[in-house]
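Structure first, then comments.
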Amino acid sequence: MGEGKGSTLVHLLVIVLSLTAFGFAIAAERRRSTGVLHKDGFTNRTYCVYESDVATGYGVGAFLFLLSSESLLMGVTKCMCFGRPLAPGGNRAWTIIYFVSSWMTFLVAEACVIAGAKNNAYHTQYRNIVYADNLSCDALRKGVFISGAVFVVITMVLNVYYYMYFTKATTQPAHKVNRAASTVGMAGRA
């Protein structure tokens with residue numbers, strides 16, 4: 001491992017897994033389920049007929065790839081809490097900032113893609129309405145998976161910076177400060 005750079009393989013895996021999650025989130029947005037009203041002539045019920053439910057699978061795929069990216073990075077860095085201590089200084093401060101920021105954006109990204117997948121999987125069943133002129137089929141709002149994809153990219157960038165500053169903070173030697181002895185003592189003289 002290079003001095004303060006970290007493992008190239010870890011960088012590459014985090015980027016590839018995050019970009020795969022991004023691709024799945026974009027694909028999920030493009031393939032959201034939409035419904036068309038259909039009236040059953042025998043029972044006089046109106047119901048929605050939905051297209052394929054492939055967007056739910058894409059949303060779950062995005063969730064799992066982003067989760068594996070975050071898990072890999074937290075496993076390598078031991079979640080910053082275990083393992084080698086961070087040397088005091090600017091690198092430690094940036095490591096903590098990027099750690100907290102990446103976790104916040106990770107949670108938002110995961111919430112967007114899993115909520116989008118859940119809501120996309122929900123389909124309206126039969127409705128007992130005779131006059132269905134103003135009836136519309138429920139569908140997932142546009143942009144839920146897109147917002148998840150945006151947060152996936154932000155998480156990826158923050159994770160790369162977090163890992164970079166983490167390796168700098170763990171490989172840099174701690175600087176000891178030599179302080180002159182104080183001339184004023186706290187104990188009384190006997």
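Here's how to read the names in the structure tokens: chain A, B, ... by the order shown, residue numbers from 1 in each chain, ligand numbers from 1 in the order shown.
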
Please provide the set of residues having any atom within 10 Å of Phe166 (chain A), restricted to only C-alpha atoms, with same-chain residues fewer than 6 positions apart removed, written as a CSV table (one decimal) with N, CA, C and O atoms, in the first residue's frame.
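part_25.csv written:
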chain,number,residue,atom,x,y,z
A,4,GLY,N,-0.1,6.8,2.1
A,4,GLY,CA,-1.2,7.7,2.2
A,4,GLY,C,-2.2,7.7,1.1
A,4,GLY,O,-3.1,8.5,1.0
A,5,LYS,N,-2.0,6.7,0.1
A,5,LYS,CA,-2.9,6.7,-1.0
A,5,LYS,C,-4.0,5.6,-0.9
A,5,LYS,O,-5.1,5.8,-1.4
A,6,GLY,N,-3.7,4.6,-0.2
A,6,GLY,CA,-4.7,3.5,0.0
A,6,GLY,C,-4.6,2.5,-1.2
A,6,GLY,O,-3.8,2.6,-2.1
A,77,THR,N,-11.9,-0.2,6.3
A,77,THR,CA,-11.5,0.9,7.2
A,77,THR,C,-11.9,0.6,8.7
A,77,THR,O,-11.6,1.4,9.6
A,80,MET,N,-13.8,3.1,10.9
A,80,MET,CA,-13.0,4.2,11.4
A,80,MET,C,-12.9,4.1,12.9
A,80,MET,O,-12.1,4.8,13.5
A,86,LEU,N,-6.3,7.3,14.3
A,86,LEU,CA,-6.0,8.3,13.4
A,86,LEU,C,-5.0,9.3,14.0
A,86,LEU,O,-5.2,9.7,15.1
A,87,ALA,N,-4.0,9.7,13.2
A,87,ALA,CA,-3.1,10.7,13.7
A,87,ALA,C,-3.8,12.1,13.8
A,87,ALA,O,-4.6,12.4,12.9
A,91,ASN,N,-5.8,15.7,8.4
A,91,ASN,CA,-6.3,14.5,7.7
A,91,ASN,C,-7.4,13.8,8.6
A,91,ASN,O,-8.3,13.3,8.0
A,92,ARG,N,-7.2,13.8,9.9
A,92,ARG,CA,-8.2,13.2,10.8
A,92,ARG,C,-9.5,14.0,10.7
A,92,ARG,O,-10.6,13.4,10.7
A,93,ALA,N,-9.4,15.3,10.7
A,93,ALA,CA,-10.6,16.1,10.6
A,93,ALA,C,-11.4,15.8,9.3
A,93,ALA,O,-12.6,15.6,9.4
A,94,TRP,N,-10.7,15.8,8.2
A,94,TRP,CA,-11.3,15.5,6.9
A,94,TRP,C,-11.9,14.1,6.9
A,94,TRP,O,-12.9,13.9,6.3
A,95,THR,N,-11.2,13.2,7.5
A,95,THR,CA,-11.7,11.8,7.5
A,95,THR,C,-13.0,11.7,8.3
A,95,THR,O,-14.0,11.1,7.8
A,96,ILE,N,-13.1,12.4,9.4
A,96,ILE,CA,-14.4,12.4,10.1
A,96,ILE,C,-15.5,13.1,9.4
A,96,ILE,O,-16.6,12.6,9.3
A,98,TYR,N,-15.8,13.5,6.1
A,98,TYR,CA,-16.2,12.6,4.9
A,98,TYR,C,-16.9,11.4,5.4
A,98,TYR,O,-17.8,10.9,4.7
A,99,PHE,N,-16.5,10.8,6.5
A,99,PHE,CA,-17.2,9.7,7.1
A,99,PHE,C,-18.7,10.0,7.4
A,99,PHE,O,-19.6,9.2,7.0
A,160,VAL,N,-14.8,7.9,-1.7
A,160,VAL,CA,-13.4,7.9,-2.2
A,160,VAL,C,-12.6,8.9,-1.4
A,160,VAL,O,-11.4,8.6,-1.1

List the spatial neighbours of Phe65 (chain A) as a VMD selection string - criterion: any atom at most 7 Å away, only C-alpha atoms, same-chain residues fewer than 5 positions off excluded. chain A and resid 17 to 18 20 to 21

I need the chosen residues saved as a JSON list (two decimals), in the first residue's frame, with N, CA, C and O atoms.
[["chain", "number", "residue", "atom", "x", "y", "z"],
["A", 17, "LEU", "N", -18.82, -0.67, -7.93],
["A", 17, "LEU", "CA", -20.07, -1.04, -7.27],
["A", 17, "LEU", "C", -21.04, 0.15, -7.20],
["A", 17, "LEU", "O", -22.25, -0.02, -7.41],
["A", 18, "SER", "N", -20.52, 1.33, -6.95],
["A", 18, "SER", "CA", -21.39, 2.51, -6.88],
["A", 18, "SER", "C", -21.94, 2.87, -8.25],
["A", 18, "SER", "O", -23.12, 3.23, -8.37],
["A", 20, "THR", "N", -22.45, 0.81, -10.68],
["A", 20, "THR", "CA", -23.45, -0.21, -11.00],
["A", 20, "THR", "C", -24.77, 0.11, -10.31],
["A", 20, "THR", "O", -25.84, -0.01, -10.92],
["A", 21, "ALA", "N", -24.71, 0.53, -9.06],
["A", 21, "ALA", "CA", -25.92, 0.94, -8.35],
["A", 21, "ALA", "C", -26.56, 2.14, -9.04],
["A", 21, "ALA", "O", -27.80, 2.21, -9.17]]

Would you list the contacts of Leu158 (chain A) as a list in words, taking every protein, DNA or RNA residue within 12 Å and counting only C-alpha atoms, but skipping same-chain residues closer than 6 positions in sequence? His11, Val14, Ile15, Ser18, Glu70, Leu73, Trp94, Thr95, Ile96, Ile97, Tyr98, Phe99, Val100, Ser101, Ser102, Trp103, Met104, Thr105, Phe106, Phe151, Val152, Met164, Tyr165 and Phe166 of chain A

Selected residues written out with N, CA, C and O atoms, as a compact mmCIF listing (two decimals), in the first residue's frame:
# COMPACT_ATOMS: atom_id res chain seq x y z
N HIS A 11 -10.35 1.38 -4.08
CA HIS A 11 -10.90 2.52 -4.82
C HIS A 11 -11.70 2.04 -6.02
O HIS A 11 -12.83 2.49 -6.24
N VAL A 14 -15.03 0.20 -5.00
CA VAL A 14 -16.04 1.14 -4.50
C VAL A 14 -16.65 1.90 -5.68
O VAL A 14 -17.88 2.08 -5.75
N ILE A 15 -15.83 2.32 -6.62
CA ILE A 15 -16.34 3.08 -7.77
C ILE A 15 -17.20 2.18 -8.66
O ILE A 15 -18.29 2.58 -9.08
N SER A 18 -20.52 1.33 -6.95
CA SER A 18 -21.39 2.51 -6.88
C SER A 18 -21.94 2.87 -8.25
O SER A 18 -23.12 3.23 -8.37
N GLU A 70 -20.68 0.19 0.30
CA GLU A 70 -20.49 0.79 1.63
C GLU A 70 -19.93 -0.24 2.61
O GLU A 70 -19.06 0.06 3.42
N LEU A 73 -16.17 -0.79 1.99
CA LEU A 73 -15.35 0.31 2.49
C LEU A 73 -15.31 0.34 4.02
O LEU A 73 -14.25 0.53 4.61
N TRP A 94 -10.66 15.80 8.22
CA TRP A 94 -11.32 15.53 6.94
C TRP A 94 -11.87 14.11 6.88
O TRP A 94 -12.93 13.87 6.30
N THR A 95 -11.18 13.17 7.49
CA THR A 95 -11.68 11.79 7.54
C THR A 95 -13.02 11.74 8.26
O THR A 95 -13.97 11.10 7.78
N ILE A 96 -13.12 12.41 9.38
CA ILE A 96 -14.37 12.40 10.15
C ILE A 96 -15.48 13.11 9.38
O ILE A 96 -16.63 12.64 9.33
N ILE A 97 -15.16 14.22 8.74
CA ILE A 97 -16.17 14.96 7.96
C ILE A 97 -16.69 14.11 6.81
O ILE A 97 -17.91 14.00 6.59
N TYR A 98 -15.77 13.48 6.07
CA TYR A 98 -16.20 12.64 4.94
C TYR A 98 -16.92 11.38 5.41
O TYR A 98 -17.83 10.90 4.75
N PHE A 99 -16.53 10.84 6.54
CA PHE A 99 -17.20 9.66 7.09
C PHE A 99 -18.66 9.97 7.40
O PHE A 99 -19.57 9.25 6.98
N VAL A 100 -18.90 11.03 8.13
CA VAL A 100 -20.26 11.40 8.52
C VAL A 100 -21.08 11.78 7.28
O VAL A 100 -22.23 11.36 7.12
N SER A 101 -20.48 12.55 6.38
CA SER A 101 -21.20 12.97 5.17
C SER A 101 -21.55 11.78 4.29
O SER A 101 -22.65 11.72 3.74
N SER A 102 -20.62 10.85 4.15
CA SER A 102 -20.90 9.70 3.28
C SER A 102 -21.99 8.82 3.88
O SER A 102 -22.82 8.27 3.15
N TRP A 103 -22.02 8.70 5.20
CA TRP A 103 -23.08 7.90 5.81
C TRP A 103 -24.44 8.58 5.65
O TRP A 103 -25.45 7.91 5.42
N MET A 104 -24.48 9.89 5.76
CA MET A 104 -25.76 10.59 5.59
C MET A 104 -26.27 10.43 4.16
O MET A 104 -27.46 10.12 3.95
N THR A 105 -25.42 10.65 3.17
CA THR A 105 -25.86 10.51 1.78
C THR A 105 -26.15 9.05 1.44
O THR A 105 -27.05 8.78 0.64
N PHE A 106 -25.43 8.12 2.05
CA PHE A 106 -25.70 6.70 1.83
C PHE A 106 -27.10 6.35 2.32
O PHE A 106 -27.86 5.66 1.62
N PHE A 151 -27.85 10.70 -5.23
CA PHE A 151 -27.22 10.47 -3.92
C PHE A 151 -26.24 9.30 -3.97
O PHE A 151 -25.28 9.27 -3.19
N VAL A 152 -26.44 8.35 -4.86
CA VAL A 152 -25.46 7.27 -5.03
C VAL A 152 -24.13 7.85 -5.51
O VAL A 152 -23.06 7.50 -5.00
N MET A 164 -9.39 8.02 1.03
CA MET A 164 -8.11 8.68 0.76
C MET A 164 -7.58 9.36 2.03
O MET A 164 -6.43 9.18 2.41
N TYR A 165 -8.42 10.13 2.70
CA TYR A 165 -7.98 10.82 3.92
C TYR A 165 -7.80 9.85 5.09
O TYR A 165 -6.94 10.08 5.95
N PHE A 166 -8.58 8.77 5.11
CA PHE A 166 -8.40 7.76 6.14
C PHE A 166 -7.01 7.13 6.05
O PHE A 166 -6.33 6.97 7.06

Closest of A:Val36, A:Val76, A:Ala121, A:Ala25 to Cys48 (chain A) - atom-to-atom distances counting only C-alpha atoms: A:Val36

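Proximity ranking of A:Leu9, A:Ala28, A:Val157, A:Val16 relative to Phe145 (chain A) places A:Ala28 first, based on only C-alpha atoms.
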